[in-house]
$ cat input03.cif   # mmCIF, C-alpha atoms, pLDDT in the B column; chains and numbers go by the auth columns
data_structure
#
loop_
_atom_site.group_PDB
_atom_site.id
_atom_site.type_symbol
_atom_site.label_atom_id
_atom_site.label_comp_id
_atom_site.label_asym_id
_atom_site.label_seq_id
_atom_site.Cartn_x
_atom_site.Cartn_y
_atom_site.Cartn_z
_atom_site.B_iso_or_equiv
_atom_site.auth_seq_id
_atom_site.auth_asym_id
ATOM 1 C CA MET A 1 84.122 41.671 94.892 44.00 1 A
ATOM 2 C CA ALA A 2 86.495 40.449 92.201 46.00 2 A
ATOM 3 C CA ALA A 3 86.934 36.687 91.924 52.00 3 A
ATOM 4 C CA GLU A 4 90.436 35.650 92.917 57.00 4 A
ATOM 5 C CA GLY A 5 92.672 33.110 91.235 52.00 5 A
ATOM 6 C CA TRP A 6 93.856 32.467 87.706 44.00 6 A
ATOM 7 C CA ARG A 7 91.914 33.474 84.612 49.00 7 A
ATOM 8 C CA ASN A 8 92.623 32.957 80.934 50.00 8 A
ATOM 9 C CA ARG A 9 91.252 34.728 77.862 49.00 9 A
ATOM 10 C CA GLY A 10 92.817 32.201 75.507 49.00 10 A
ATOM 11 C CA TYR A 11 96.357 33.511 75.238 46.00 11 A
ATOM 12 C CA LEU A 12 97.962 34.289 78.592 46.00 12 A
ATOM 13 C CA SER A 13 96.856 33.346 82.095 48.00 13 A
ATOM 14 C CA HIS A 14 96.530 36.170 84.640 47.00 14 A
ATOM 15 C CA LEU A 15 96.524 36.057 88.420 57.00 15 A
ATOM 16 C CA ASN A 16 93.930 38.043 90.371 57.00 16 A
ATOM 17 C CA GLU A 17 94.805 37.921 94.066 64.00 17 A
ATOM 18 C CA ALA A 18 94.322 40.630 96.689 66.00 18 A
ATOM 19 C CA GLY A 19 97.647 41.639 98.186 76.00 19 A
ATOM 20 C CA ALA A 20 99.641 40.179 95.299 84.00 20 A
ATOM 21 C CA LEU A 21 102.590 42.238 94.111 93.00 21 A
ATOM 22 C CA GLN A 22 102.847 41.899 90.333 92.00 22 A
ATOM 23 C CA HIS A 23 105.072 43.062 87.504 94.00 23 A
ATOM 24 C CA ILE A 24 102.822 44.080 84.613 94.00 24 A
ATOM 25 C CA VAL A 25 104.009 44.803 81.070 92.00 25 A
ATOM 26 C CA PHE A 26 101.723 46.088 78.348 93.00 26 A
ATOM 27 C CA ARG A 27 102.819 47.225 74.907 92.00 27 A
ATOM 28 C CA LEU A 28 101.673 49.190 71.902 93.00 28 A
ATOM 29 C CA ALA A 29 99.805 47.202 69.259 90.00 29 A
ATOM 30 C CA ASP A 30 102.662 47.544 66.746 88.00 30 A
ATOM 31 C CA ALA A 31 105.612 47.061 69.150 82.00 31 A
ATOM 32 C CA LEU A 32 106.368 43.498 68.049 71.00 32 A
ATOM 33 C CA PRO A 33 107.067 42.322 64.509 61.00 33 A
ATOM 34 C CA PRO A 34 103.861 40.829 63.037 59.00 34 A
ATOM 35 C CA ASP A 35 105.646 37.593 62.127 55.00 35 A
ATOM 36 C CA ARG A 36 106.632 37.073 65.797 54.00 36 A
ATOM 37 C CA VAL A 37 103.152 37.679 67.224 53.00 37 A
ATOM 38 C CA GLY A 38 101.753 34.575 65.514 55.00 38 A
ATOM 39 C CA ASP A 39 104.935 32.525 65.865 53.00 39 A
ATOM 40 C CA PRO A 40 103.980 28.857 66.557 52.00 40 A
ATOM 41 C CA SER A 41 107.171 28.397 68.621 53.00 41 A
ATOM 42 C CA TRP A 42 105.503 30.488 71.330 48.00 42 A
ATOM 43 C CA THR A 43 103.706 27.415 72.629 49.00 43 A
ATOM 44 C CA SER A 44 104.099 28.128 76.326 53.00 44 A
ATOM 45 C CA ALA A 45 103.865 31.236 78.482 53.00 45 A
ATOM 46 C CA LYS A 46 107.577 30.877 79.291 52.00 46 A
ATOM 47 C CA ALA A 47 108.511 30.697 75.589 52.00 47 A
ATOM 48 C CA ARG A 48 106.417 33.801 74.899 49.00 48 A
ATOM 49 C CA LEU A 49 108.092 35.652 77.782 53.00 49 A
ATOM 50 C CA VAL A 50 111.581 34.722 76.578 49.00 50 A
ATOM 51 C CA ALA A 51 110.711 35.742 73.013 49.00 51 A
ATOM 52 C CA PHE A 52 109.088 38.971 74.235 52.00 52 A
ATOM 53 C CA ASP A 53 111.986 40.031 76.462 54.00 53 A
ATOM 54 C CA GLY A 54 113.971 42.730 74.724 52.00 54 A
ATOM 55 C CA LEU A 55 111.821 42.990 71.584 50.00 55 A
ATOM 56 C CA PRO A 56 109.910 46.106 72.714 50.00 56 A
ATOM 57 C CA ASP A 57 113.226 47.818 73.531 51.00 57 A
ATOM 58 C CA GLN A 58 114.175 47.535 69.844 51.00 58 A
ATOM 59 C CA GLY A 59 111.770 50.409 69.213 55.00 59 A
ATOM 60 C CA LEU A 60 109.660 48.807 66.497 64.00 60 A
ATOM 61 C CA GLY A 61 106.466 50.427 65.284 71.00 61 A
ATOM 62 C CA ALA A 62 105.310 54.017 65.603 85.00 62 A
ATOM 63 C CA ARG A 63 106.740 54.500 69.125 92.00 63 A
ATOM 64 C CA HIS A 64 103.801 56.669 70.199 96.00 64 A
ATOM 65 C CA LEU A 65 104.967 56.650 73.823 96.00 65 A
ATOM 66 C CA SER A 66 108.131 58.545 72.827 95.00 66 A
ATOM 67 C CA ASP A 67 105.897 61.603 72.390 97.00 67 A
ATOM 68 C CA PRO A 68 106.160 63.436 75.754 97.00 68 A
ATOM 69 C CA MET A 69 102.463 64.345 75.618 98.00 69 A
ATOM 70 C CA ILE A 70 101.463 60.675 75.310 98.00 70 A
ATOM 71 C CA ALA A 71 104.028 59.480 77.878 98.00 71 A
ATOM 72 C CA ASP A 72 102.645 62.078 80.330 97.00 72 A
ATOM 73 C CA LEU A 73 99.109 60.885 79.615 98.00 73 A
ATOM 74 C CA VAL A 74 100.030 57.273 80.411 98.00 74 A
ATOM 75 C CA GLN A 75 102.006 58.180 83.528 97.00 75 A
ATOM 76 C CA HIS A 76 99.125 60.302 84.861 97.00 76 A
ATOM 77 C CA ALA A 77 96.689 57.436 84.220 97.00 77 A
ATOM 78 C CA LEU A 78 98.901 55.070 86.226 97.00 78 A
ATOM 79 C CA LEU A 79 99.088 57.533 89.112 96.00 79 A
ATOM 80 C CA PHE A 80 95.403 58.516 89.123 96.00 80 A
ATOM 81 C CA PHE A 81 94.065 55.706 91.358 95.00 81 A
ATOM 82 C CA ASP A 82 97.349 54.924 93.126 96.00 82 A
ATOM 83 C CA GLY A 83 96.620 54.403 96.815 94.00 83 A
ATOM 84 C CA ARG A 84 92.909 53.794 96.188 93.00 84 A
ATOM 85 C CA ARG A 85 92.595 50.837 93.783 93.00 85 A
ATOM 86 C CA TYR A 86 96.209 49.672 93.864 95.00 86 A
ATOM 87 C CA HIS A 87 99.612 50.711 95.170 95.00 87 A
ATOM 88 C CA LEU A 88 102.318 51.473 92.615 96.00 88 A
ATOM 89 C CA GLN A 89 105.784 50.387 93.682 96.00 89 A
ATOM 90 C CA ALA A 90 107.600 51.192 90.423 97.00 90 A
ATOM 91 C CA TRP A 91 106.716 52.085 86.850 98.00 91 A
ATOM 92 C CA CYS A 92 108.347 53.112 83.611 97.00 92 A
ATOM 93 C CA VAL A 93 106.760 54.359 80.380 97.00 93 A
ATOM 94 C CA MET A 94 109.052 53.333 77.544 95.00 94 A
ATOM 95 C CA PRO A 95 108.639 54.379 73.863 95.00 95 A
ATOM 96 C CA THR A 96 106.771 51.152 72.974 93.00 96 A
ATOM 97 C CA HIS A 97 105.665 49.593 76.274 93.00 97 A
ATOM 98 C CA VAL A 98 104.960 50.157 79.957 96.00 98 A
ATOM 99 C CA HIS A 99 106.303 48.372 83.046 96.00 99 A
ATOM 100 C CA VAL A 100 104.420 48.544 86.346 97.00 100 A
ATOM 101 C CA LEU A 101 105.124 46.907 89.708 97.00 101 A
ATOM 102 C CA VAL A 102 101.800 47.099 91.518 96.00 102 A
ATOM 103 C CA LEU A 103 100.300 45.827 94.753 94.00 103 A
ATOM 104 C CA GLN A 104 96.703 44.750 94.215 87.00 104 A
ATOM 105 C CA GLU A 105 93.959 46.024 96.557 88.00 105 A
ATOM 106 C CA PRO A 106 91.247 43.642 97.826 88.00 106 A
ATOM 107 C CA GLY A 107 88.061 43.735 95.761 87.00 107 A
ATOM 108 C CA VAL A 108 89.675 45.316 92.706 88.00 108 A
ATOM 109 C CA ALA A 109 90.393 42.896 89.859 87.00 109 A
ATOM 110 C CA LEU A 110 93.817 43.441 88.333 88.00 110 A
ATOM 111 C CA GLY A 111 92.416 42.840 84.846 89.00 111 A
ATOM 112 C CA LYS A 112 89.968 45.704 85.362 91.00 112 A
ATOM 113 C CA VAL A 113 92.774 47.983 86.517 94.00 113 A
ATOM 114 C CA VAL A 114 94.905 47.207 83.454 95.00 114 A
ATOM 115 C CA HIS A 115 91.843 47.523 81.203 95.00 115 A
ATOM 116 C CA ALA A 116 91.093 50.957 82.680 97.00 116 A
ATOM 117 C CA TRP A 117 94.672 52.125 82.094 98.00 117 A
ATOM 118 C CA LYS A 118 94.665 50.874 78.525 98.00 118 A
ATOM 119 C CA SER A 119 91.170 51.927 77.449 97.00 119 A
ATOM 120 C CA PHE A 120 91.410 55.475 78.852 98.00 120 A
ATOM 121 C CA THR A 121 94.880 56.112 77.457 98.00 121 A
ATOM 122 C CA ALA A 122 94.058 54.545 74.070 98.00 122 A
ATOM 123 C CA ARG A 123 91.045 56.808 73.587 98.00 123 A
ATOM 124 C CA GLN A 124 92.929 59.914 74.671 98.00 124 A
ATOM 125 C CA ALA A 125 96.090 59.091 72.717 98.00 125 A
ATOM 126 C CA ASN A 126 94.173 58.369 69.519 97.00 126 A
ATOM 127 C CA VAL A 127 92.422 61.747 69.796 98.00 127 A
ATOM 128 C CA ARG A 128 95.656 63.607 70.525 97.00 128 A
ATOM 129 C CA LEU A 129 97.508 61.818 67.718 97.00 129 A
ATOM 130 C CA CYS A 130 94.603 62.190 65.246 97.00 130 A
ATOM 131 C CA ARG A 131 94.531 58.463 64.628 96.00 131 A
ATOM 132 C CA THR A 132 92.150 55.519 64.908 96.00 132 A
ATOM 133 C CA GLY A 133 92.584 51.818 65.486 95.00 133 A
ATOM 134 C CA ALA A 134 94.178 49.641 68.112 95.00 134 A
ATOM 135 C CA PHE A 135 96.611 51.545 70.290 97.00 135 A
ATOM 136 C CA TRP A 136 97.578 48.793 72.767 96.00 136 A
ATOM 137 C CA ALA A 137 98.119 45.083 72.159 90.00 137 A
ATOM 138 C CA ARG A 138 95.190 43.019 73.430 87.00 138 A
ATOM 139 C CA GLU A 139 97.072 41.090 76.109 83.00 139 A
ATOM 140 C CA TYR A 140 99.439 42.099 78.865 87.00 140 A
ATOM 141 C CA PHE A 141 102.077 40.127 80.755 87.00 141 A
ATOM 142 C CA ASP A 142 101.943 39.760 84.507 88.00 142 A
ATOM 143 C CA ARG A 143 104.223 38.003 86.918 89.00 143 A
ATOM 144 C CA ALA A 144 103.466 37.630 90.631 89.00 144 A
ATOM 145 C CA MET A 145 106.430 38.301 92.871 91.00 145 A
ATOM 146 C CA ARG A 146 107.445 35.172 94.790 89.00 146 A
ATOM 147 C CA ASN A 147 109.377 36.902 97.551 92.00 147 A
ATOM 148 C CA GLU A 148 111.126 40.115 98.531 94.00 148 A
ATOM 149 C CA ARG A 149 114.215 39.321 96.441 95.00 149 A
ATOM 150 C CA HIS A 150 112.068 38.730 93.332 93.00 150 A
ATOM 151 C CA ALA A 151 110.282 42.051 93.982 95.00 151 A
ATOM 152 C CA GLU A 152 113.593 43.883 94.408 96.00 152 A
ATOM 153 C CA THR A 153 114.866 42.428 91.123 96.00 153 A
ATOM 154 C CA ALA A 154 111.702 43.512 89.301 95.00 154 A
ATOM 155 C CA PHE A 155 111.857 46.975 90.882 97.00 155 A
ATOM 156 C CA ASN A 156 115.460 47.467 89.743 96.00 156 A
ATOM 157 C CA TYR A 157 114.737 46.049 86.269 95.00 157 A
ATOM 158 C CA ILE A 158 111.799 48.432 85.775 96.00 158 A
ATOM 159 C CA GLU A 159 113.658 51.529 86.872 97.00 159 A
ATOM 160 C CA ALA A 160 116.807 50.628 84.909 96.00 160 A
ATOM 161 C CA ASN A 161 114.932 49.832 81.686 94.00 161 A
ATOM 162 C CA PRO A 162 115.475 53.293 80.095 96.00 162 A
ATOM 163 C CA VAL A 163 119.213 53.045 80.839 96.00 163 A
ATOM 164 C CA LYS A 164 119.365 49.524 79.358 93.00 164 A
ATOM 165 C CA ALA A 165 117.635 50.866 76.217 91.00 165 A
ATOM 166 C CA SER A 166 120.146 53.780 76.014 93.00 166 A
ATOM 167 C CA LEU A 167 117.445 56.401 76.536 95.00 167 A
ATOM 168 C CA CYS A 168 119.194 58.086 79.482 96.00 168 A
ATOM 169 C CA ALA A 169 122.338 57.807 81.604 97.00 169 A
ATOM 170 C CA ALA A 170 120.695 57.120 84.982 97.00 170 A
ATOM 171 C CA PRO A 171 117.225 55.825 85.979 97.00 171 A
ATOM 172 C CA GLU A 172 116.300 59.092 87.696 96.00 172 A
ATOM 173 C CA ASP A 173 116.921 60.981 84.422 97.00 173 A
ATOM 174 C CA TRP A 174 113.895 59.303 82.789 97.00 174 A
ATOM 175 C CA PRO A 175 110.888 61.574 83.491 96.00 175 A
ATOM 176 C CA TRP A 176 108.226 58.903 82.877 97.00 176 A
ATOM 177 C CA SER A 177 109.201 56.571 85.701 97.00 177 A
ATOM 178 C CA SER A 178 109.031 56.147 89.435 97.00 178 A
ATOM 179 C CA ALA A 179 112.768 56.988 89.609 96.00 179 A
ATOM 180 C CA GLY A 180 112.208 60.193 87.622 93.00 180 A
ATOM 181 C CA CYS A 181 109.274 61.197 89.823 91.00 181 A
ATOM 182 C CA ARG A 182 111.298 60.675 92.997 88.00 182 A
ATOM 183 C CA LYS A 183 114.005 62.924 91.583 82.00 183 A
ATOM 184 C CA ARG A 184 111.544 65.651 90.572 80.00 184 A
ATOM 185 C CA PHE A 185 109.461 65.601 93.739 78.00 185 A
ATOM 186 C CA GLY A 186 112.045 64.484 96.297 73.00 186 A
ATOM 187 C CA GLU A 187 110.012 61.436 97.265 62.00 187 A
ATOM 188 C CA THR A 188 111.559 58.472 98.972 49.00 188 A
ATOM 189 C CA ARG A 189 111.511 55.004 97.476 46.00 189 A
ATOM 190 C CA ALA A 190 108.087 53.367 97.375 48.00 190 A
ATOM 191 C CA SER A 191 107.332 51.428 100.533 41.00 191 A
ATOM 192 C CA GLY A 192 106.496 47.755 100.622 41.00 192 A
ATOM 193 C CA ILE A 193 109.630 46.389 98.979 40.00 193 A
#
$ encode --input "input03.cif" --output "structure tokens"
Amino acid sequence: MAAEGWRNRGYLSHLNEAGALQHIVFRLADALPPDRVGDPSWTSAKARLVAFDGLPDQGLGARHLSDPMIADLVQHALLFFDGRRYHLQAWCVMPTHVHVLVLQEPGVALGKVVHAWKSFTARQANVRLCRTGAFWAREYFDRAMRNERHAETAFNYIEANPVKASLCAAPEDWPWSSAGCRKRFGETRASGI
């Protein structure tokens, strides 16, 4: 069984708690400007979150996730263990980063889930793109939802992210998202929110 509580690998703290609903963001290794990654003004988690917000939407770096083949790969990886290791509430694969709202299952460490998503997709993407090296940034951001209103705000933010970044006119037009999947497959909104 996975140990519950907070853990830290030296940069960001992560919560591992069965039944926790969390907003996860992970990004490509080159999605932030190199001078910002080591910025000493990012002294607290809150400062790093404020500095991070909006930067990936600027489309810096190689934007590997804008390739439909790679976006499909990532979306399929997110969906693969949905309902068995975790429960996806919302997700969105953007050109440089991924948003996921996920309900954690007992006995499955969230860090292991995120690691599985990132390691599988990095290996596959590097092969498909004929490249080597780091695909994803080492760390990911996570934020536990405090209440239903917080979860609803995160859900709406995630699904509206492609519209905010001017990638489509409506959330359901973005094929690599929970909104796009509902449109394609006629599914109802994810339960639990």
$ residues_around --input "input03.cif" --residues "Arg84 of chain A" --least-positions-apart "5" --cutoff "12 Å" --atoms "all atoms listed in the file" --output "list in words"
Leu78, Leu79, Leu103, Gln104, Glu105, Pro106, Gly107, Val108 and Val113 of chain A
$ resolve_selection --input "input03.cif" --expression "the PyMOL selection byres ((chain A and resi 123-128) around 10)" --output "list of chain:residue names"
A:His64, A:Leu65, A:Met69, A:Ile70, A:Ala71, A:Leu73, A:Val74, A:Lys118, A:Ser119, A:Phe120, A:Thr121, A:Ala122, A:Leu129, A:Cys130, A:Arg131, A:Thr132, A:Gly133, A:Ala134, A:Phe135
$ closest_residue --input "input03.cif" --among "A:Leu110, A:Leu32, A:Asp67, A:Glu159" --to "Arg85 of chain A" --atoms "all atoms listed in the file"
A:Leu110
$ resolve_selection --input "input03.cif" --expression "the PyMOL selection byres ((chain A and resi 156) around 12)" --output "ChimeraX atom specification"
/A:23,89-92,99-101,149-155,157-164,170-172,177-179,189,193
$ resolve_selection --input "input03.cif" --expression "the PyMOL selection byres ((chain A and resi 24) around 9)" --output "number ranges by chain"
A: 22-23, 25-26, 98-102, 114, 140-144
$ write_last_selection --input "input03.cif" --atoms "C-alpha atoms" --output "mmCIF file, keeping the file's coordinate frame"
data_model
loop_
_atom_site.group_PDB
_atom_site.id
_atom_site.type_symbol
_atom_site.label_atom_id
_atom_site.label_comp_id
_atom_site.auth_asym_id
_atom_site.auth_seq_id
_atom_site.Cartn_x
_atom_site.Cartn_y
_atom_site.Cartn_z
ATOM 1 C CA GLN A 22 102.847 41.899 90.333
ATOM 2 C CA HIS A 23 105.072 43.062 87.504
ATOM 3 C CA VAL A 25 104.009 44.803 81.070
ATOM 4 C CA PHE A 26 101.723 46.088 78.348
ATOM 5 C CA VAL A 98 104.960 50.157 79.957
ATOM 6 C CA HIS A 99 106.303 48.372 83.046
ATOM 7 C CA VAL A 100 104.420 48.544 86.346
ATOM 8 C CA LEU A 101 105.124 46.907 89.708
ATOM 9 C CA VAL A 102 101.800 47.099 91.518
ATOM 10 C CA VAL A 114 94.905 47.207 83.454
ATOM 11 C CA TYR A 140 99.439 42.099 78.865
ATOM 12 C CA PHE A 141 102.077 40.127 80.755
ATOM 13 C CA ASP A 142 101.943 39.760 84.507
ATOM 14 C CA ARG A 143 104.223 38.003 86.918
ATOM 15 C CA ALA A 144 103.466 37.630 90.631
#
$ atom_distance --input "input03.cif" --atom1 "atom CA of Ala20 of chain A" --atom2 "atom CA of Ala77 of chain A"
20.7 Å
$ atom_distance --input "input03.cif" --atom1 "atom CA of His115 of chain A" --atom2 "atom CA of His97 of chain A"
14.8 Å
$ atom_distance --input "input03.cif" --atom1 "atom CA of Tyr86 of chain A" --atom2 "atom CA of Ala109 of chain A"
9.8 Å
$ residues_around --input "input03.cif" --residues "Ser66 of chain A" --least-positions-apart "6" --cutoff "8 Å" --atoms "all atoms listed in the file" --output "PDB file with C-alpha atoms, in the coordinates of the input"
ATOM      1  CA  MET A  94     109.052  53.333  77.544  1.00 95.00           C
ATOM      2  CA  PRO A  95     108.639  54.379  73.863  1.00 95.00           C
ATOM      3  CA  THR A  96     106.771  51.152  72.974  1.00 93.00           C
TER       4      THR A  96
END
$ closest_residue --input "input03.cif" --among "A:Cys168, A:Met145, A:Ala31, A:Cys181" --to "Ala62 of chain A" --atoms "all atoms listed in the file"
A:Ala31
$ closest_residue --input "input03.cif" --among "A:Ala29, A:Arg63, A:Trp117, A:Asp173" --to "Asp82 of chain A" --atoms "only C-alpha atoms"
A:Trp117
$ decode --input "input03.cif" --residues "segment 150-164 of chain A" --atoms "N, CA and C atoms" --output "short mmCIF file (atom, residue, chain, number, x, y, z; two decimals), in the first residue's frame"
data_model
loop_
_atom_site.label_atom_id
_atom_site.label_comp_id
_atom_site.auth_asym_id
_atom_site.auth_seq_id
_atom_site.Cartn_x
_atom_site.Cartn_y
_atom_site.Cartn_z
N HIS A 150 -14.13 24.38 -5.47
CA HIS A 150 -12.75 24.37 -5.96
C HIS A 150 -12.62 23.37 -7.10
N ALA A 151 -13.23 22.19 -6.94
CA ALA A 151 -13.19 21.16 -7.99
C ALA A 151 -13.88 21.64 -9.26
N GLU A 152 -15.01 22.29 -9.11
CA GLU A 152 -15.75 22.81 -10.27
C GLU A 152 -14.93 23.86 -11.01
N THR A 153 -14.24 24.72 -10.26
CA THR A 153 -13.39 25.74 -10.87
C THR A 153 -12.25 25.09 -11.64
N ALA A 154 -11.62 24.09 -11.05
CA ALA A 154 -10.53 23.39 -11.73
C ALA A 154 -11.03 22.68 -12.98
N PHE A 155 -12.17 22.01 -12.86
CA PHE A 155 -12.78 21.31 -14.00
C PHE A 155 -12.98 22.29 -15.16
N ASN A 156 -13.61 23.42 -14.88
CA ASN A 156 -13.89 24.41 -15.93
C ASN A 156 -12.60 25.00 -16.50
N TYR A 157 -11.62 25.26 -15.63
CA TYR A 157 -10.33 25.79 -16.09
C TYR A 157 -9.66 24.82 -17.06
N ILE A 158 -9.64 23.54 -16.69
CA ILE A 158 -8.99 22.52 -17.52
C ILE A 158 -9.66 22.43 -18.89
N GLU A 159 -10.97 22.33 -18.89
CA GLU A 159 -11.66 22.16 -20.17
C GLU A 159 -11.64 23.43 -21.02
N ALA A 160 -11.53 24.59 -20.41
CA ALA A 160 -11.50 25.85 -21.16
C ALA A 160 -10.09 26.25 -21.58
N ASN A 161 -9.08 25.54 -21.14
CA ASN A 161 -7.70 25.93 -21.42
C ASN A 161 -7.39 26.07 -22.91
N PRO A 162 -7.86 25.17 -23.79
CA PRO A 162 -7.59 25.36 -25.22
C PRO A 162 -8.26 26.61 -25.80
N VAL A 163 -9.41 26.98 -25.27
CA VAL A 163 -10.10 28.20 -25.71
C VAL A 163 -9.31 29.42 -25.26
N LYS A 164 -8.87 29.40 -23.99
CA LYS A 164 -8.08 30.51 -23.44
C LYS A 164 -6.79 30.71 -24.24
#
